[in-house]
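Structure file protein_27.txt with compact mmCIF, C-alpha atoms:
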```
# COMPACT_ATOMS: atom_id res chain seq x y z
CA GLN A 1 19.31 -27.44 -2.03
CA ARG A 2 17.98 -26.26 1.34
CA LEU A 3 14.62 -25.99 3.04
CA VAL A 4 13.66 -22.37 3.75
CA TYR A 5 10.75 -20.98 5.71
CA ASP A 6 9.30 -17.72 6.91
CA VAL A 7 6.36 -16.54 8.96
CA GLN A 8 4.90 -13.07 9.42
CA TYR A 9 2.20 -12.01 11.83
CA GLU A 10 0.57 -8.57 11.65
CA TYR A 11 -2.01 -6.89 13.86
CA TYR A 12 -3.61 -3.63 12.72
CA PHE A 13 -5.90 -1.37 14.74
CA ASP A 14 -7.22 1.90 13.33
CA ASN A 15 -9.91 3.95 15.07
CA ARG A 16 -11.12 6.80 12.82
CA GLU A 17 -13.12 9.68 14.26
CA PHE A 18 -14.15 12.19 11.59
CA ASP A 19 -17.84 12.94 12.22
CA ARG A 20 -17.25 15.89 14.55
CA GLY A 21 -14.71 17.48 12.21
CA GLY A 22 -17.05 17.05 9.25
CA ASN A 23 -14.46 15.41 7.00
CA PRO A 24 -16.30 14.74 3.72
CA TYR A 25 -13.71 12.19 2.55
CA THR A 26 -13.00 9.74 5.39
CA LYS A 27 -15.71 7.79 7.20
CA SER A 28 -15.63 7.18 10.93
CA MET A 29 -15.02 3.52 11.67
CA THR A 30 -12.83 1.12 13.63
CA ILE A 31 -10.61 -1.46 11.97
CA SER A 32 -9.22 -4.30 14.07
CA SER A 33 -7.67 -7.18 12.15
CA SER A 34 -4.84 -9.69 12.23
CA ARG A 35 -3.04 -11.55 9.48
CA LEU A 36 -0.74 -14.57 9.53
CA THR A 37 1.46 -15.47 6.53
CA PRO A 38 3.45 -18.70 6.83
CA VAL A 39 5.50 -19.84 3.83
CA VAL A 40 7.82 -22.76 3.12
CA GLY A 41 9.93 -23.75 0.14
CA PHE A 42 13.38 -24.72 -1.02
CA SER A 43 16.43 -22.78 -2.08
CA ILE A 44 18.93 -23.80 -4.77
CA GLU A 45 22.28 -22.19 -5.58
CA SER A 46 22.95 -22.78 -9.27
CA ASP A 47 26.38 -21.19 -8.83
CA THR A 48 28.19 -18.89 -6.42
CA GLN A 49 26.44 -15.84 -7.90
CA THR A 50 22.80 -16.96 -8.24
CA ASN A 51 20.19 -18.27 -5.82
CA HIS A 52 16.73 -19.61 -6.70
CA LYS A 53 13.75 -20.09 -4.36
CA LEU A 54 10.36 -21.71 -4.90
CA ILE A 55 7.92 -20.72 -2.15
CA LEU A 56 4.42 -21.88 -1.16
CA GLY A 57 2.33 -20.35 1.61
CA ALA A 58 -0.98 -18.81 2.62
CA GLN A 59 -2.51 -15.58 3.90
CA PHE A 60 -4.80 -16.04 6.91
CA MET A 61 -6.84 -13.01 7.99
CA ARG A 62 -9.35 -12.39 10.74
CA ARG A 63 -11.45 -9.27 11.17
CA MET A 64 -12.03 -9.01 14.90
CA GLY A 65 -15.66 -9.04 16.02
CA LYS A 66 -17.14 -9.89 12.63
CA ASN A 67 -19.89 -12.54 12.42
CA PRO A 68 -20.25 -14.38 15.77
CA THR A 69 -19.96 -18.15 15.41
CA ALA A 70 -22.77 -18.96 17.86
CA ALA A 71 -26.42 -18.00 17.23
CA GLN A 72 -26.99 -16.82 20.81
CA TYR A 73 -24.41 -14.06 20.31
CA ALA A 74 -25.72 -12.92 16.93
CA PHE A 75 -27.93 -9.91 16.28
CA SER A 76 -29.28 -11.16 12.97
CA GLU A 77 -29.71 -14.37 11.00
CA ASP A 78 -26.92 -13.23 8.73
CA GLU A 79 -24.43 -13.06 11.57
CA ALA A 80 -25.44 -16.50 12.82
CA ASN A 81 -24.79 -18.09 9.42
CA LYS A 82 -22.02 -20.65 9.93
CA GLY A 83 -21.08 -20.30 6.28
CA ILE A 84 -19.65 -16.83 6.99
CA SER A 85 -18.17 -17.68 10.38
CA THR A 86 -14.90 -16.13 11.47
CA LYS A 87 -13.49 -19.66 11.52
CA ARG A 88 -13.01 -19.27 7.76
CA THR A 89 -9.87 -17.17 7.95
CA LEU A 90 -7.96 -18.47 4.92
CA GLN A 91 -7.86 -15.56 2.51
CA GLU A 92 -5.63 -16.82 -0.31
CA PHE A 93 -2.57 -18.87 -1.16
CA VAL A 94 0.76 -17.42 -2.17
CA TYR A 95 3.24 -19.23 -4.40
CA TYR A 96 6.10 -17.66 -6.25
CA TYR A 97 9.56 -18.03 -7.75
CA ASN A 98 12.31 -15.74 -6.43
CA PHE A 99 15.81 -15.42 -7.88
CA ARG A 100 18.70 -13.29 -6.69
CA SER A 101 21.86 -12.83 -8.77
CA LYS A 102 25.06 -11.00 -7.99
CA LEU A 103 25.99 -9.25 -11.23
CA SER A 104 29.23 -7.72 -9.98
CA LYS A 105 31.00 -6.86 -6.75
CA ASN A 106 28.65 -3.95 -6.06
CA SER A 107 25.44 -4.81 -7.94
CA THR A 108 22.66 -7.38 -7.54
CA MET A 109 19.44 -8.16 -9.35
CA GLU A 110 16.37 -9.85 -7.92
CA GLY A 111 13.12 -11.06 -9.45
CA VAL A 112 9.86 -12.31 -7.95
CA PHE A 113 7.15 -13.94 -10.10
CA GLY A 114 3.71 -15.28 -9.14
CA ALA A 115 1.47 -14.42 -6.20
CA PHE A 116 3.70 -12.99 -3.48
CA PRO A 117 3.39 -10.82 -0.33
CA ARG A 118 3.32 -7.05 -0.82
CA ALA A 119 6.17 -6.88 1.72
CA LYS A 120 8.56 -7.79 -1.12
CA ILE A 121 8.16 -4.22 -2.44
CA GLU A 122 10.91 -1.96 -1.07
CA GLY A 123 10.02 1.40 -2.64
CA GLU A 124 8.41 4.28 -0.73
CA TYR A 125 5.12 5.06 -2.51
CA SER A 126 2.75 7.90 -1.71
CA PRO A 127 -0.51 7.10 0.15
CA ALA A 128 -2.15 8.75 -2.86
CA THR A 129 -1.75 5.40 -4.65
CA LEU A 130 -2.46 2.94 -1.80
CA SER A 131 -4.23 3.60 1.50
CA ASP A 132 -3.12 2.18 4.87
CA SER A 133 -6.19 -0.05 5.14
CA LEU A 134 -5.93 -1.39 1.58
CA LYS A 135 -2.25 -2.12 2.12
CA PHE A 136 -3.35 -4.42 4.96
CA TYR A 137 -6.45 -5.96 3.34
CA ASP A 138 -4.86 -6.46 -0.09
CA PRO A 139 -1.50 -7.94 0.93
CA THR A 140 -0.77 -10.00 -2.18
CA ILE A 141 0.75 -8.92 -5.50
CA GLU A 142 -0.26 -11.06 -8.48
CA GLY A 143 2.33 -10.54 -11.15
CA MET A 144 6.03 -9.80 -11.03
CA LEU A 145 8.68 -7.58 -9.44
CA LEU A 146 12.23 -6.82 -10.61
CA LYS A 147 14.82 -5.08 -8.39
CA TYR A 148 18.31 -3.76 -9.09
CA LYS A 149 20.75 -2.53 -6.42
CA THR A 150 24.18 -0.97 -6.19
CA LYS A 151 25.83 0.87 -3.30
CA SER A 152 24.26 4.19 -4.30
CA PHE A 153 21.33 3.26 -6.56
CA PHE A 154 18.15 1.21 -6.23
CA ALA A 155 15.31 0.67 -8.70
CA GLU A 156 12.31 -1.65 -8.91
CA LEU A 157 9.64 -2.33 -11.51
CA GLY A 158 6.51 -4.31 -10.81
CA LEU A 159 3.17 -5.45 -12.21
CA ASP A 160 0.05 -6.20 -10.16
CA TRP A 161 -2.80 -7.80 -12.16
CA MET A 162 -5.90 -7.18 -10.03
CA GLY A 163 -8.77 -8.11 -12.32
CA MET A 164 -9.29 -10.37 -15.32
CA ALA A 165 -11.92 -9.11 -17.76
CA GLY A 166 -15.31 -10.83 -17.67
CA PHE A 167 -18.94 -10.04 -18.41
CA ASP A 168 -19.30 -7.58 -15.50
CA ARG A 169 -15.78 -7.66 -14.09
CA LYS A 170 -13.49 -4.97 -15.44
CA GLU A 171 -9.88 -5.64 -16.33
CA ARG A 172 -7.55 -3.94 -13.84
CA PHE A 173 -3.79 -3.83 -13.53
CA GLU A 174 -1.10 -1.52 -12.21
CA ILE A 175 2.49 -1.03 -13.34
CA PHE A 176 4.59 0.58 -10.64
CA SER A 177 8.20 1.69 -10.31
CA TYR A 178 10.47 3.24 -7.70
CA GLY A 179 14.02 4.50 -8.00
CA LYS A 180 16.49 6.30 -5.75
CA PHE A 181 20.04 7.59 -6.17
CA ASP A 182 22.09 8.47 -3.08
CA PHE A 183 24.37 11.43 -3.73
CA SER A 184 25.68 11.32 -0.14
CA ASN A 185 24.67 10.16 3.35
CA THR A 186 22.18 13.02 3.52
CA LEU A 187 21.00 13.78 -0.02
CA SER A 188 19.06 11.49 -2.36
CA ALA A 189 16.71 11.89 -5.31
CA GLY A 190 14.39 9.53 -7.13
CA TRP A 191 10.95 8.81 -8.51
CA THR A 192 7.82 6.74 -8.18
CA LEU A 193 5.54 5.83 -11.08
CA ASN A 194 2.07 4.30 -10.80
CA PHE A 195 0.24 3.46 -14.02
CA TYR A 196 -3.23 2.17 -13.09
CA HIS A 197 -5.34 0.85 -15.98
CA LEU A 198 -9.08 0.26 -15.58
CA ALA A 199 -10.33 -1.36 -18.77
CA GLY A 200 -13.81 -2.39 -19.86
CA SER A 201 -15.86 -5.53 -19.38
CA ILE A 202 -18.31 -7.02 -21.87
CA ALA A 203 -21.26 -5.29 -20.18
CA SER A 204 -19.34 -2.10 -19.44
CA PRO A 205 -16.88 -1.10 -22.19
CA GLY A 206 -14.54 1.84 -21.78
CA VAL A 207 -11.06 2.55 -20.45
CA VAL A 208 -9.80 4.92 -17.75
CA ASP A 209 -6.10 5.72 -17.32
CA ASN A 210 -4.81 6.92 -13.96
CA ILE A 211 -1.09 7.79 -14.06
CA LEU A 212 0.93 9.37 -11.26
CA LEU A 213 4.60 10.27 -11.73
CA SER A 214 6.29 11.61 -8.60
CA PRO A 215 9.91 12.78 -8.64
CA HIS A 216 11.28 13.47 -5.16
CA LEU A 217 14.23 14.98 -3.31
CA LYS A 218 15.09 13.81 0.21
CA LEU A 219 17.34 15.21 2.92
CA ASP A 220 18.09 12.64 5.62
CA PHE A 221 20.25 13.72 8.57
CA SER A 222 19.61 10.58 10.65
CA LYS A 223 23.20 9.34 10.29
CA THR A 224 24.80 12.70 11.02
CA SER A 225 22.64 13.96 13.90
CA SER A 226 21.93 12.81 17.46
CA LEU A 227 18.32 12.01 16.52
CA GLN A 228 17.05 8.56 15.59
CA ARG A 229 15.32 10.08 12.59
CA LEU A 230 15.54 13.49 10.94
CA SER A 231 14.43 13.66 7.30
CA PHE A 232 12.63 15.98 4.89
CA LYS A 233 11.13 14.76 1.63
CA PHE A 234 9.80 16.94 -1.20
CA SER A 235 7.70 15.28 -3.93
CA ALA A 236 5.85 16.52 -7.01
CA LEU A 237 2.66 14.54 -7.66
CA THR A 238 2.25 14.84 -11.43
CA ALA A 239 -1.00 13.21 -12.55
CA TYR A 240 -2.64 12.35 -15.88
CA GLN A 241 -6.14 10.90 -15.92
CA LYS A 242 -8.59 10.30 -18.72
CA ASP A 243 -11.88 8.50 -19.09
CA ARG A 244 -11.68 7.55 -22.76
CA ARG A 245 -15.40 6.76 -23.05
CA TYR A 246 -17.14 9.50 -21.07
CA ASP A 247 -14.69 12.42 -21.05
CA LYS A 248 -13.02 13.91 -24.13
CA ASN A 249 -10.55 16.02 -22.15
CA PRO A 250 -7.81 14.58 -19.91
CA HIS A 251 -7.09 15.88 -16.41
CA ILE A 252 -3.47 16.98 -16.04
CA PHE A 253 -2.16 18.62 -12.89
CA MET A 254 0.80 18.81 -10.51
CA ASN A 255 0.52 18.72 -6.73
CA GLY A 256 3.15 18.95 -4.03
CA GLU A 257 3.84 16.73 -1.04
CA PHE A 258 6.16 17.61 1.84
CA ILE A 259 6.97 14.99 4.52
CA THR A 260 8.84 15.64 7.76
CA ASP A 261 9.94 12.75 9.99
CA ILE A 262 11.61 13.49 13.36
CA ARG A 263 12.23 10.90 16.10
CA LYS A 264 14.09 10.93 19.40
CA CYS A 265 13.92 8.41 22.27
CA ASN A 266 11.42 6.37 20.19
CA LEU A 267 8.97 9.31 20.12
CA GLY A 268 8.36 10.90 16.74
CA ILE A 269 6.52 13.38 14.55
CA TYR A 270 5.57 12.40 11.01
CA ASN A 271 3.87 15.26 9.19
CA THR A 272 2.49 15.22 5.63
CA ILE A 273 1.46 18.42 3.84
CA ILE A 274 -0.37 18.11 0.51
CA LEU A 275 -0.64 21.09 -1.81
CA GLY A 276 -2.69 21.31 -5.00
CA ARG A 277 -5.84 20.06 -6.68
CA ASP A 278 -8.14 17.08 -6.23
CA LEU A 279 -6.16 13.98 -7.29
CA MET A 280 -9.36 11.95 -7.77
CA PRO A 281 -11.51 13.93 -10.24
CA TYR A 282 -13.51 10.87 -11.38
CA TYR A 283 -14.29 9.63 -7.87
CA ASN A 284 -18.01 10.46 -8.07
CA SER A 285 -18.27 9.98 -11.85
CA LYS A 286 -20.41 7.08 -13.04
CA TYR A 287 -20.05 4.39 -15.67
CA LYS A 288 -22.64 2.17 -17.29
CA ALA A 289 -22.83 -1.36 -15.84
CA SER A 290 -25.43 -4.11 -15.62
CA LYS A 291 -27.50 -5.88 -12.96
CA GLY A 292 -29.09 -8.91 -14.48
CA ARG A 293 -30.98 -7.62 -17.54
CA MET A 294 -31.03 -4.06 -16.27
CA ASP A 295 -28.55 -1.31 -17.04
CA ILE A 296 -27.35 0.60 -13.99
CA TRP A 297 -24.83 3.36 -13.30
CA LYS A 298 -22.07 2.91 -10.74
CA LYS A 299 -19.51 5.28 -9.26
CA TYR A 300 -15.83 4.72 -10.02
CA ALA A 301 -14.93 5.53 -6.39
CA THR A 302 -12.51 2.96 -4.91
CA LEU A 303 -12.58 0.82 -8.07
CA LEU A 304 -10.46 3.50 -9.75
CA TYR A 305 -8.79 5.19 -6.76
CA ARG A 306 -6.98 3.01 -4.23
CA GLY A 307 -5.26 5.79 -2.30
CA GLU A 308 -6.23 7.74 0.81
CA ASN A 309 -9.45 9.68 0.26
CA TYR A 310 -8.08 12.94 1.66
CA TYR A 311 -6.07 13.39 -1.55
CA ARG A 312 -9.42 14.55 -2.97
CA HIS A 313 -9.06 17.79 -1.02
CA GLN A 314 -7.93 20.93 -2.84
CA VAL A 315 -5.36 23.60 -1.91
CA ILE A 316 -3.88 22.44 1.45
CA TYR A 317 -4.30 19.31 3.57
CA ASP A 318 -2.17 18.38 6.59
CA ARG A 319 -1.89 15.04 8.39
CA LEU A 320 0.06 15.21 11.65
CA GLU A 321 1.12 11.90 13.19
CA LEU A 322 2.55 11.67 16.71
CA TYR A 323 3.98 8.21 17.21
CA TRP A 324 5.86 5.91 19.59
CA GLN A 325 8.01 3.24 17.96
CA PRO A 326 10.08 1.35 20.53
CA HIS A 327 12.74 -1.22 19.68
CA LEU A 328 11.37 -4.42 21.21
CA GLY A 329 13.54 -6.99 19.48
CA LYS A 330 15.12 -8.19 16.27
CA TYR A 331 11.99 -9.68 14.72
CA ILE A 332 9.26 -7.36 16.01
CA ASP A 333 8.09 -3.85 15.04
CA LEU A 334 5.54 -1.90 17.05
CA ARG A 335 4.11 1.55 16.27
CA LEU A 336 1.45 3.47 18.21
CA SER A 337 0.19 6.60 16.43
CA PHE A 338 -2.16 9.49 17.05
CA ASP A 339 -3.06 11.23 13.77
CA PHE A 340 -4.71 14.64 13.45
CA HIS A 341 -6.10 15.92 10.12
CA PHE A 342 -6.41 19.57 9.09
CA ALA A 343 -7.62 21.26 5.90
CA ASP A 344 -7.66 24.85 4.76
CA ARG A 345 -11.04 26.65 5.14
CA ILE A 346 -12.24 23.75 7.33
CA GLY A 347 -9.54 23.55 10.00
CA TYR A 348 -9.57 20.42 12.16
CA VAL A 349 -11.36 17.59 10.33
CA GLY A 350 -10.76 14.47 12.42
CA SER A 351 -8.32 12.09 14.06
CA GLN A 352 -7.10 8.51 14.12
CA GLN A 353 -5.60 6.26 16.77
CA ARG A 354 -3.55 3.47 15.23
CA LEU A 355 -1.56 0.51 16.47
CA SER A 356 0.42 -1.81 14.24
CA LEU A 357 2.48 -4.80 15.32
CA ILE A 358 4.57 -6.89 12.93
CA PHE A 359 6.44 -10.07 13.85
CA THR A 360 8.51 -11.54 11.02
CA LEU A 361 11.33 -14.00 10.51
CA ASN A 362 12.46 -12.37 7.26
CA GLU A 363 16.01 -12.23 8.57
CA ILE A 364 16.09 -16.01 8.94
CA LEU A 365 14.78 -16.52 5.41
CA LYS A 366 17.38 -14.13 3.96
CA LYS A 367 20.27 -16.01 5.56
CA GLN A 368 19.35 -19.35 4.04
```

Any chance you could give the structure as structure tokens?
Amino acid sequence: QRLVYDVQYEYYFDNREFDRGGNPYTKSMTISSSRLTPVVGFSIESDTQTNHKLILGAQFMRRMGKNPTAAQYAFSEDEANKGISTKRTLQEFVYYYNFRSKLSKNSTMEGVFGAFPRAKIEGEYSPATLSDSLKFYDPTIEGMLLKYKTKSFFAELGLDWMGMAGFDRKERFEIFSYGKFDFSNTLSAGWTLNFYHLAGSIASPGVVDNILLSPHLKLDFSKTSSLQRLSFKFSALTAYQKDRRYDKNPHIFMNGEFITDIRKCNLGIYNTIILGRDLMPYYNSKYKASKGRMDIWKKYATLLYRGENYYRHQVIYDRLELYWQPHLGKYIDLRLSFDFHFADRIGYVGSQQRLSLIFTLNEILKKQ
């Protein structure tokens, strides 16, 4: 039995400028936040093949500039309220059980159960299912995750239970899966599956299914070229959506996604091209809810769709990211990005300037 620990610090800055370009999907805003996740626990080896960990920790988050703590710096009574001061940075606790078992010489299985950091997920999922900002502001999975690895194959299956049904609160959960098979050093193929289920509450019955199956093919020449990164990924975004209460007919369609990633001397180009139809057909649709004794109608919007809003565009959308990602040390990752968005018939629609910094001692935790 050993004591294990880990700590992760993340800073995220995202300045979005879309008013001039007239982007109807993304609002102009600036996000500046930091998050600290310390955890501690103990590790037990039941035998030479299996390791068990019980972990307890917390997620601390601070949104920079929100709610001054002193009245003389506030612009309203609301901001001067000490009850919503930025001193209250504890977001939530994390506590989970983690096992890792070596099944054979070349295969391992791992399981995580409880409330655990999203960083435990290893699969590459499309931003159509989870936006950059939500990935930062919703960092905890509540459920389970199973992973299986061999030298040439990896698969994971997870469950995130996001909402327990109540009078007004809808039941929400997502089952997700990722798999990849490496045919060689350059060629791989796999899938992602996201099954998002938005069920009814007592005041608002009804169920909406949002399913996205995405098979992909990837060519990665990073190991065989002189570049730090050279890869091309082709994905089919196959979607099935149905509002069982308000829509008799399901929405079924297939989109395409093509990602190019090229990097040399820590400077890179990451370009995403999206082809096809609106992946969020119910975004502006409304469902019956309640407010006290009154019945009201609310939009599904982000309650149903957690991905980037520009996947609502039809035909062609392009996001070009120019980035700088230097190697600063073993435990630190830094990425500075300038993103430019383009859409057919509209042209240039806006830009982003992003900075992300991650400091983590994951390597230390893995060794113990």

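Relative to atom CA of A:Tyr311, atom CA of A:Lys286 is found at 19.4 Å.
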
Stretch 23-32 of chain A: which residues within 6 Å, counting all atoms listed in the file, same-chain residues fewer than 4 positions away excluded, as a PyMOL selection string?
chain A and resi 12-18+64+309-310+349

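From atom CA of A:Tyr95 back to atom CA of A:Tyr125, the distance works out to 24.4 Å.
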
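Between A:Asn194 and the candidates A:Leu237, A:Leu227, A:Leu3, A:Val208, the tightest atom-to-atom separation, counting only C-alpha atoms, involves A:Leu237.
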
Per-residue nearest contacts stretch 110-141 of chain A to stretch 152-170 of chain A, cut-off 8 Å, using only C-alpha atoms, as a Markdown table:
```
| residue | atom | partner | partner_atom | distance |
| --- | --- | --- | --- | --- |
| A:Glu122 | CA | A:Glu156 | CA | 8.0 |
| A:Gly123 | CA | A:Glu156 | CA | 7.3 |
| A:Ile141 | CA | A:Asp160 | CA | 5.4 |
```

Pick the closest to A:Asp243 from A:Ser204, A:Ser214, A:Ser104, A:Ser285: which is it, counting all atoms listed in the file?
A:Ser285

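Minimum atom-to-atom distances from A:Arg118, A:Lys299, A:Lys264, A:Arg62 to A:Leu36 were compared using all atoms listed in the file, and the lowest value belongs to A:Arg62.
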
Report the distance between atom CA of A:Leu320 and atom CA of A:Leu193 in Å, rounded to one decimal place.
25.2 Å

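The shell of residues at most 6 Å from A:Val7, with only C-alpha atoms counted and near chain neighbours (fewer than 3 positions) removed, consists of A:Thr37, A:Pro38, A:Thr360, A:Leu361.
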
If you count all atoms listed in the file, the residue of A:Asp132, A:Arg100, A:Leu304, A:Ala189 closest to A:Arg172 turns out to be A:Leu304

So, counting only C-alpha atoms, which residue among A:Thr260, A:Ser188, A:Thr89, A:Asn255 is closest to A:Ile316?
A:Asn255

Skip stretch 216-223 of chain A itself and residues of its chain fewer than 3 positions away, then list as a compact mmCIF listing (two decimals) with C-alpha atoms, in the coordinates of the input all residues within 6 Å of it, counting only C-alpha atoms.
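What ended up in out-v1.txt:
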```txt
# COMPACT_ATOMS: atom_id res chain seq x y z
CA THR A 186 22.18 13.02 3.52
CA LEU A 187 21.00 13.78 -0.02
CA SER A 188 19.06 11.49 -2.36
CA ALA A 189 16.71 11.89 -5.31
CA GLY A 190 14.39 9.53 -7.13
CA TRP A 191 10.95 8.81 -8.51
CA GLN A 228 17.05 8.56 15.59
CA ARG A 229 15.32 10.08 12.59
CA LEU A 230 15.54 13.49 10.94
CA SER A 231 14.43 13.66 7.30
CA PHE A 232 12.63 15.98 4.89
CA LYS A 233 11.13 14.76 1.63
CA PHE A 234 9.80 16.94 -1.20
CA SER A 235 7.70 15.28 -3.93
```
